[in-house]
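Visitor: Have a look at this one.
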Amino acid sequence: MIGLDPAARFRRCLDHAAEHHADAAHLFIMGDLTHHGRVSQYEIFKQCLADQPFPVTLMLGNHNKRGAFAEVFPEFAARFRHGHHSFGETDVLFLDTLDEQAYDR
């Protein structure tokens, strides 16, 4: 993308989070996991997450494709990614609103 290496930049971001926020309980990645929703892009994304010390929740954005995502992340069904996580007295709800049939894609 415009001469940048998104995977290298993402890895630096994850390394920074692991170094400076080692006490984090969870990592939420909120949408647009890839630019075009291609299997090859999800494979690179998955490699970037391989050494994460935190549990991770992945949310899909308008650039994502459920089928390709599920192919690379089979532990997630190709359905809406709703759920919640509790952290002590704090509950985090996450709701998937991706509509792949939406006109404005």
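FYI, nothing fancy with the structure tokens labels: chains A, B, ... in order, residues from 1 per chain, ligands from 1 as they appear.
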From a DSSP calculation on the backbone, collect every residue of chain A in alpha helix (DSSP H) and output the set as an MDAnalysis selection string.
Guide: chainID A and resid 6:20 39:49 66:72
Visitor: For those residues, write C-alpha atoms to a file as a PDB file, in the first residue's frame.
Guide:
ATOM      1  CA  PRO A   6       1.508  -2.960   6.436  1.00  0.00           C
ATOM      2  CA  ALA A   7       2.586  -6.310   7.927  1.00  0.00           C
ATOM      3  CA  ALA A   8       5.899  -4.910   9.200  1.00  0.00           C
ATOM      4  CA  ARG A   9       4.153  -1.855  10.622  1.00  0.00           C
ATOM      5  CA  PHE A  10       1.506  -4.044  12.294  1.00  0.00           C
ATOM      6  CA  ARG A  11       4.191  -6.281  13.816  1.00  0.00           C
ATOM      7  CA  ARG A  12       5.932  -3.192  15.244  1.00  0.00           C
ATOM      8  CA  CYS A  13       2.629  -2.086  16.733  1.00  0.00           C
ATOM      9  CA  LEU A  14       2.052  -5.503  18.311  1.00  0.00           C
ATOM     10  CA  ASP A  15       5.624  -5.593  19.642  1.00  0.00           C
ATOM     11  CA  HIS A  16       5.141  -2.157  21.167  1.00  0.00           C
ATOM     12  CA  ALA A  17       1.903  -3.263  22.863  1.00  0.00           C
ATOM     13  CA  ALA A  18       3.555  -6.404  24.239  1.00  0.00           C
ATOM     14  CA  GLU A  19       6.525  -4.418  25.578  1.00  0.00           C
ATOM     15  CA  HIS A  20       4.692  -1.414  27.005  1.00  0.00           C
ATOM     16  CA  VAL A  39      -6.988 -15.363   1.747  1.00  0.00           C
ATOM     17  CA  SER A  40      -3.338 -14.393   1.206  1.00  0.00           C
ATOM     18  CA  GLN A  41      -3.867 -11.230   3.255  1.00  0.00           C
ATOM     19  CA  TYR A  42      -5.481 -13.158   6.128  1.00  0.00           C
ATOM     20  CA  GLU A  43      -2.553 -15.594   6.072  1.00  0.00           C
ATOM     21  CA  ILE A  44      -0.096 -12.713   6.538  1.00  0.00           C
ATOM     22  CA  PHE A  45      -2.325 -11.268   9.262  1.00  0.00           C
ATOM     23  CA  LYS A  46      -2.419 -14.629  11.058  1.00  0.00           C
ATOM     24  CA  GLN A  47       1.386 -14.885  10.919  1.00  0.00           C
ATOM     25  CA  CYS A  48       1.623 -11.438  12.510  1.00  0.00           C
ATOM     26  CA  LEU A  49      -0.543 -12.626  15.413  1.00  0.00           C
ATOM     27  CA  ARG A  66     -16.282 -13.812   5.888  1.00  0.00           C
ATOM     28  CA  GLY A  67     -15.523 -16.801   3.653  1.00  0.00           C
ATOM     29  CA  ALA A  68     -11.830 -15.979   3.196  1.00  0.00           C
ATOM     30  CA  PHE A  69     -11.520 -15.079   6.891  1.00  0.00           C
ATOM     31  CA  ALA A  70     -13.018 -18.439   7.947  1.00  0.00           C
ATOM     32  CA  GLU A  71     -10.721 -20.289   5.539  1.00  0.00           C
ATOM     33  CA  VAL A  72      -7.647 -18.947   7.344  1.00  0.00           C
TER      34      VAL A  72
END
Visitor: Please identify all polymer residues within 9 Å of A:Phe54, counting only C-alpha atoms, omitting same-chain residues fewer than 5 positions from it, and present them as a list in words.
Guide: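 Near A:Phe54, the qualifying residues are Ala18, Ala22, Ala24, Ala25, His26 and Leu27 of chain A.
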Visitor: Ranking A:Lys65, A:Val92, A:Gln52, A:Leu98 by minimum distance to A:Phe80 and counting only C-alpha atoms, which one comes first?
Guide: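 Among the listed residues, the smallest separation from A:Phe80 belongs to A:Leu98.
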Visitor: List every residue of chain A that DSSP, applied to the backbone, labels as strand (DSSP E or B), and write the result as a VMD selection string.
Guide: chain A and resid 27 to 30 56 to 59 83 to 87 90 to 94
Visitor: Keeping only C-alpha atoms, take the residues you just selected and write them out as a JSON list (two decimals), in the first residue's frame.
Guide:
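Output file result37.json is given in full below:
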[["chain", "number", "residue", "atom", "x", "y", "z"],
["A", 27, "LEU", "CA", -6.31, -7.55, 22.53],
["A", 28, "PHE", "CA", -9.33, -6.47, 20.47],
["A", 29, "ILE", "CA", -8.67, -5.78, 16.79],
["A", 30, "MET", "CA", -11.65, -3.87, 15.50],
["A", 56, "VAL", "CA", -7.15, -11.87, 20.80],
["A", 57, "THR", "CA", -10.64, -11.03, 19.56],
["A", 58, "LEU", "CA", -10.92, -10.27, 15.85],
["A", 59, "MET", "CA", -13.74, -8.17, 14.44],
["A", 83, "GLY", "CA", -19.84, -11.95, 21.88],
["A", 84, "HIS", "CA", -18.61, -10.60, 25.15],
["A", 85, "HIS", "CA", -15.67, -10.85, 27.49],
["A", 86, "SER", "CA", -15.70, -10.07, 31.19],
["A", 87, "PHE", "CA", -12.75, -8.46, 32.93],
["A", 90, "THR", "CA", -16.15, -4.74, 33.26],
["A", 91, "ASP", "CA", -18.04, -6.46, 30.47],
["A", 92, "VAL", "CA", -17.02, -5.80, 26.87],
["A", 93, "LEU", "CA", -19.66, -6.52, 24.23],
["A", 94, "PHE", "CA", -18.72, -6.78, 20.58]]
Visitor: Nearest to A:Arg81 among A:Gly31, A:Gln101, A:Arg38, A:Ala50, with distances taken over only C-alpha atoms: which residue is it?
Guide: A:Gly31
Visitor: Please determine, counting only C-alpha atoms, which residue among A:Asp32, A:Glu100, A:Glu75, A:Asp23 has the shortest atom-to-atom distance to A:Pro53.
Guide: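 The closest residue to A:Pro53 is A:Asp23.
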Visitor: Quote the spacing between atom CA of A:Leu95 and atom CA of A:Leu33 in Å to one decimal place.
Guide: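 So the two atoms, atom CA of A:Leu95 and atom CA of A:Leu33, lie 15.6 Å apart.
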Visitor: Nearest to A:Gly61 among A:Thr34, A:Glu89, A:Arg79, A:Ala102, with distances taken over only C-alpha atoms: which residue is it?
Guide: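 The answer is A:Thr34, which sits nearest to A:Gly61.
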